[in-house]
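> Quick one, entry_5.txt (compact mmCIF, C-alpha atoms):
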# COMPACT_ATOMS: atom_id res chain seq x y z
CA MET V 15 99.31 7.95 -130.07
CA ASN V 16 98.16 7.50 -133.65
CA THR V 17 100.16 9.26 -136.41
CA LYS V 18 96.97 10.88 -137.76
CA THR V 19 96.33 12.38 -134.35
CA MET V 20 99.87 13.73 -134.10
CA GLU V 21 99.82 15.18 -137.63
CA GLY V 22 96.40 16.72 -137.06
CA LEU V 23 97.37 18.39 -133.78
CA VAL V 24 100.67 19.71 -135.11
CA GLY V 25 99.12 20.91 -138.39
CA ALA V 26 96.19 22.63 -136.66
CA GLY V 27 98.49 24.38 -134.19
CA THR V 28 100.91 25.52 -136.91
CA ASN V 29 98.17 26.90 -139.15
CA MET V 30 96.53 28.76 -136.26
CA LYS V 31 99.88 30.42 -135.47
CA MET V 32 100.34 31.26 -139.14
CA THR V 33 97.05 33.23 -139.13
CA GLU V 34 98.57 35.72 -136.69
CA THR V 35 100.77 37.35 -139.33
CA PRO V 36 98.03 38.05 -141.94
CA MET V 37 95.76 39.31 -139.14
CA ARG V 38 98.44 41.80 -138.07
CA VAL V 39 98.77 42.94 -141.72
CA PHE V 40 94.95 43.21 -141.95
CA LYS V 41 94.80 45.48 -138.88
CA GLU V 42 97.56 47.79 -140.20
CA ALA V 43 95.87 47.99 -143.63
CA ARG V 44 92.52 48.83 -142.00
CA ARG V 45 94.15 51.62 -140.01
CA ARG V 46 95.65 53.02 -143.19
CA GLY V 47 92.45 52.43 -145.19
CA ASP V 48 94.10 50.10 -147.75
CA ILE V 49 91.23 47.83 -148.84
CA ALA V 50 93.21 45.73 -151.36
CA THR V 51 95.78 44.74 -148.71
CA MET V 52 92.97 44.00 -146.28
CA GLU V 53 91.33 41.62 -148.77
CA ARG V 54 94.60 39.85 -149.52
CA ALA V 55 95.35 39.44 -145.79
CA MET V 56 91.83 38.08 -145.14
CA GLY V 57 92.35 35.56 -147.97
CA TYR V 58 95.46 34.23 -146.23
CA VAL V 59 93.65 34.13 -142.87
CA SER V 60 90.74 32.15 -144.31
CA GLU V 61 93.13 29.77 -146.13
CA PHE V 62 95.10 29.05 -142.96
CA SER V 63 91.86 28.65 -140.98
CA GLU V 64 90.53 26.13 -143.50
CA ARG V 65 93.78 24.15 -143.32
CA SER V 66 93.60 24.27 -139.53
CA GLY V 67 90.02 22.89 -139.70
CA GLU V 68 91.15 20.07 -142.00
CA TYR V 69 93.98 19.16 -139.64
CA LYS V 70 91.54 19.32 -136.72
CA SER V 71 89.20 16.85 -138.44
CA GLU V 72 92.20 14.59 -139.15
CA ALA V 73 93.17 14.78 -135.45
CA ASP V 74 89.58 13.94 -134.45
CA GLN V 75 89.58 10.91 -136.76
CA GLY V 76 92.95 9.79 -135.34
CA MET V 77 91.62 10.14 -131.78
CA LYS V 78 88.60 8.01 -132.66
CA GLU V 79 90.93 5.35 -134.08
CA ASP V 80 93.06 5.55 -130.92
CA ALA V 81 89.96 5.12 -128.76
CA GLU V 82 88.81 2.14 -130.86
CA GLU V 83 92.26 0.58 -130.66
CA ALA V 84 92.40 1.10 -126.88
CA ARG V 85 88.93 -0.44 -126.49
CA LYS V 86 89.96 -3.51 -128.52
CA LYS V 87 93.14 -3.84 -126.48
CA ALA V 88 91.18 -3.60 -123.22
CA GLU V 89 88.72 -6.26 -124.43
CA LEU V 90 91.60 -8.55 -125.41
CA GLU V 91 93.24 -8.11 -121.99
CA ALA V 92 89.91 -8.75 -120.27
CA GLU V 93 89.45 -11.96 -122.29
CA LYS V 94 92.98 -13.06 -121.35
CA ALA V 95 92.27 -12.34 -117.68
CA ILE V 96 89.00 -14.31 -117.85
CA GLN V 97 90.76 -17.24 -119.52
CA LYS V 98 93.50 -17.15 -116.87
CA ARG V 99 90.90 -17.19 -114.08
CA ARG V 100 89.15 -20.15 -115.73
CA GLU V 101 92.43 -22.06 -115.88
CA GLU V 102 93.15 -21.24 -112.22
CA ARG V 103 89.67 -22.47 -111.22
CA GLU V 104 90.21 -25.71 -113.16
CA GLN V 105 93.54 -26.23 -111.42
CA GLN V 106 91.95 -25.57 -108.02
CA LYS V 107 89.15 -28.05 -108.80
CA GLU V 108 91.71 -30.68 -109.83
CA GLN V 109 93.74 -30.09 -106.66
CA LEU V 110 90.58 -30.31 -104.56
CA GLU V 111 89.56 -33.58 -106.21
CA GLU V 112 93.07 -34.98 -105.73
CA SER V 113 93.04 -34.04 -102.05
CA LYS V 114 89.58 -35.63 -101.66
CA ASN V 115 90.85 -38.81 -103.32
CA LYS V 116 93.91 -38.84 -101.02
CA ASP V 117 91.66 -38.38 -97.98
CA GLN V 118 89.48 -41.29 -99.09
CA ASP V 119 92.57 -43.52 -99.39
CA HIS V 120 93.39 -43.01 -95.71
CA ILE V 121 90.93 -44.90 -93.56
CA VAL V 122 90.66 -43.80 -89.97
CA ASP V 123 91.30 -46.56 -87.42
CA VAL V 124 88.85 -47.23 -84.63
CA VAL V 125 90.04 -48.21 -81.15
CA GLU V 126 87.79 -50.22 -78.86
CA ILE V 127 88.33 -50.23 -75.09
CA SER V 128 87.76 -53.51 -73.30
CA GLU V 129 85.69 -53.81 -70.12
CA ASP V 130 88.86 -54.04 -68.00
CA GLY V 131 90.18 -50.88 -69.70
CA LYS V 132 86.90 -49.06 -69.04
CA GLY V 133 87.11 -50.03 -65.39
CA LEU V 134 90.72 -48.87 -65.23
CA SER V 135 89.92 -45.51 -66.84
CA GLN V 136 87.04 -44.94 -64.40
CA SER V 137 89.29 -45.71 -61.43
CA GLY V 138 91.76 -43.05 -62.49
CA GLY V 139 94.38 -45.50 -63.79
CA ASP V 140 94.93 -47.36 -60.50
CA PRO V 141 94.64 -51.15 -61.07
CA ALA V 142 94.60 -51.79 -57.30
CA HIS V 143 91.40 -49.75 -56.99
CA THR V 144 89.42 -51.99 -59.35
CA GLY V 145 90.80 -55.18 -57.91
CA THR V 146 91.70 -56.46 -61.38
CA ASN V 147 94.69 -56.15 -63.60
CA PRO V 148 94.11 -54.10 -66.71
CA ALA V 149 93.69 -56.05 -69.92
CA GLY V 150 96.98 -57.01 -71.47
CA THR V 151 99.13 -56.61 -68.33
CA ILE V 152 100.59 -59.24 -66.09
CA THR V 153 102.29 -58.37 -62.83
CA ALA V 154 105.18 -60.59 -61.93
CA GLY V 155 107.80 -59.35 -59.48
CA THR V 156 109.50 -56.22 -60.75
CA GLU V 157 108.65 -56.72 -64.41
CA THR V 158 105.38 -55.77 -66.04
CA ALA V 159 104.34 -57.14 -69.38
CA GLY V 160 102.10 -54.70 -71.26
CA VAL V 161 100.70 -54.05 -74.67
CA GLU V 162 102.05 -51.25 -76.83
CA PRO V 163 100.40 -50.20 -80.10
CA VAL V 164 102.64 -50.24 -83.17
CA ARG V 165 101.53 -48.34 -86.27
CA THR V 166 102.04 -50.12 -89.59
CA LYS V 167 101.10 -49.29 -93.15
CA ALA V 168 99.51 -52.09 -95.14
CA ALA V 169 97.66 -51.92 -98.47
CA GLY V 170 97.08 -48.16 -98.34
CA THR V 171 95.44 -48.20 -94.90
CA ASN V 172 96.68 -47.41 -91.43
CA ALA V 173 96.56 -50.48 -89.22
CA VAL V 174 97.32 -50.68 -85.52
CA VAL V 175 98.98 -53.87 -84.37
CA THR V 176 99.74 -54.50 -80.73
CA SER V 177 102.92 -56.12 -79.53
CA ALA V 178 103.84 -57.32 -76.06
CA VAL V 179 106.36 -55.14 -74.25
CA ARG V 180 108.22 -55.96 -71.08
CA THR V 181 109.16 -53.02 -68.95
CA SER V 182 111.47 -53.25 -66.02
CA VAL V 183 110.70 -51.38 -62.85
CA ALA V 184 113.92 -50.92 -60.90
CA LYS V 185 113.82 -50.35 -57.17
CA THR V 186 117.28 -48.80 -56.94
CA PRO V 187 118.99 -46.30 -59.20
CA VAL V 188 121.35 -47.82 -61.76
CA THR V 189 124.46 -46.30 -63.36
CA TYR V 190 125.87 -47.61 -66.63
CA THR V 191 129.52 -47.68 -67.63
CA LYS V 192 130.91 -46.75 -71.04
CA ALA V 193 130.89 -50.43 -72.00
CA GLY V 194 127.16 -50.61 -71.30
CA THR V 195 127.32 -52.74 -68.20
CA VAL V 196 125.60 -51.90 -64.93
CA ALA V 197 127.91 -50.36 -62.35
CA HIS V 198 126.80 -50.99 -58.80
CA THR V 199 127.09 -47.86 -56.73
CA VAL V 200 126.44 -47.16 -53.11
CA PRO V 201 123.83 -44.48 -52.56
CA GLN V 202 125.43 -41.33 -51.20
CA ARG V 203 123.98 -39.33 -48.39
CA LYS V 204 123.23 -35.73 -49.07
CA GLU V 205 123.77 -33.30 -46.25
CA ILE V 206 122.43 -29.81 -46.04
CA PHE V 207 123.87 -27.29 -43.60
CA VAL V 208 121.84 -24.29 -42.58
CA SER V 209 123.31 -21.46 -40.51
CA VAL V 210 121.34 -18.65 -38.96
Give the structure from this file in structure tokens form.


Amino acid sequence: MNTKTMEGLVGAGTNMKMTETPMRVFKEARRRGDIATMERAMGYVSEFSERSGEYKSEADQGMKEDAEEARKKAELEAEKAIQKRREEREQQKEQLEESKNKDQDHIVDVVEISEDGKGLSQSGGDPAHTGTNPAGTITAGTETAGVEPVRTKAAGTNAVVTSAVRTSVAKTPVTYTKAGTVAHTVPQRKEIFVSV
């Protein structure tokens, strides 16, 4: 609150209270018929009323200054908020452009399926059904040589390179020892007893 406003309000209130005493004296003098006392009392009342009016105008001026100050402060805060939003938008645009640039650096790989692969996929994955071996596989005894994709990163792009893989298809279960060698075990029979 502005000091002018505070002084004006306090001064106006004090002077209005001070008019109560001369008014009481005026009423007693009127009852008695003392005109000189009545005039003196009315002089004090008018003086205190004038002072109260002056303080009231000072309070009004202080309130206008307070309102002007509050308006300027609100405008300044609004300008700060607008500037902050502009900065946030610029940052978001920069982040969006960076993410677009990153996305453009990563090229999506395309996989082509050979004719043998198409035939295999249409047969439900059974190479015996098509009568041909799928591309990239060779059947020889219990081992199957296949092709496994290996993902590499070269010159900022994703490249898929295939490498030959040999997988072993065992006909009997195998148990390994702690040393990592194959331990030959005899299959055990499982018996189930049911009683009724």

> Take every atom of segment 97-106 of chain V listed in the file, pad by 3 Å on each side, and give me the axis-aligned box centre and edge lengths in Å, one decimal, as JSON.


{"center_x": 91.3, "center_y": -21.7, "center_z": -113.8, "size_x": 10.4, "size_y": 15.1, "size_z": 17.5}

> Quick one: distance from atom CA of Lys86 of chain V to atom CA of Asp74 of chain V in Å, one decimal?

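We find that atom CA of Lys86 of chain V and atom CA of Asp74 of chain V lie 18.4 Å from each other.
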
> What would the list of residues within 12 Å of (94.8, 34.5, -136.0) (file frame) look like as a compact mmCIF listing (two decimals) with C-alpha atoms, keeping the file's coordinate frame, if only C-alpha atoms are what count?


# COMPACT_ATOMS: atom_id res chain seq x y z
CA ALA V 26 96.19 22.63 -136.66
CA GLY V 27 98.49 24.38 -134.19
CA THR V 28 100.91 25.52 -136.91
CA ASN V 29 98.17 26.90 -139.15
CA MET V 30 96.53 28.76 -136.26
CA LYS V 31 99.88 30.42 -135.47
CA MET V 32 100.34 31.26 -139.14
CA THR V 33 97.05 33.23 -139.13
CA GLU V 34 98.57 35.72 -136.69
CA THR V 35 100.77 37.35 -139.33
CA PRO V 36 98.03 38.05 -141.94
CA MET V 37 95.76 39.31 -139.14
CA ARG V 38 98.44 41.80 -138.07
CA VAL V 39 98.77 42.94 -141.72
CA PHE V 40 94.95 43.21 -141.95
CA LYS V 41 94.80 45.48 -138.88
CA ALA V 55 95.35 39.44 -145.79
CA MET V 56 91.83 38.08 -145.14
CA TYR V 58 95.46 34.23 -146.23
CA VAL V 59 93.65 34.13 -142.87
CA SER V 60 90.74 32.15 -144.31
CA GLU V 61 93.13 29.77 -146.13
CA PHE V 62 95.10 29.05 -142.96
CA SER V 63 91.86 28.65 -140.98
CA SER V 66 93.60 24.27 -139.53
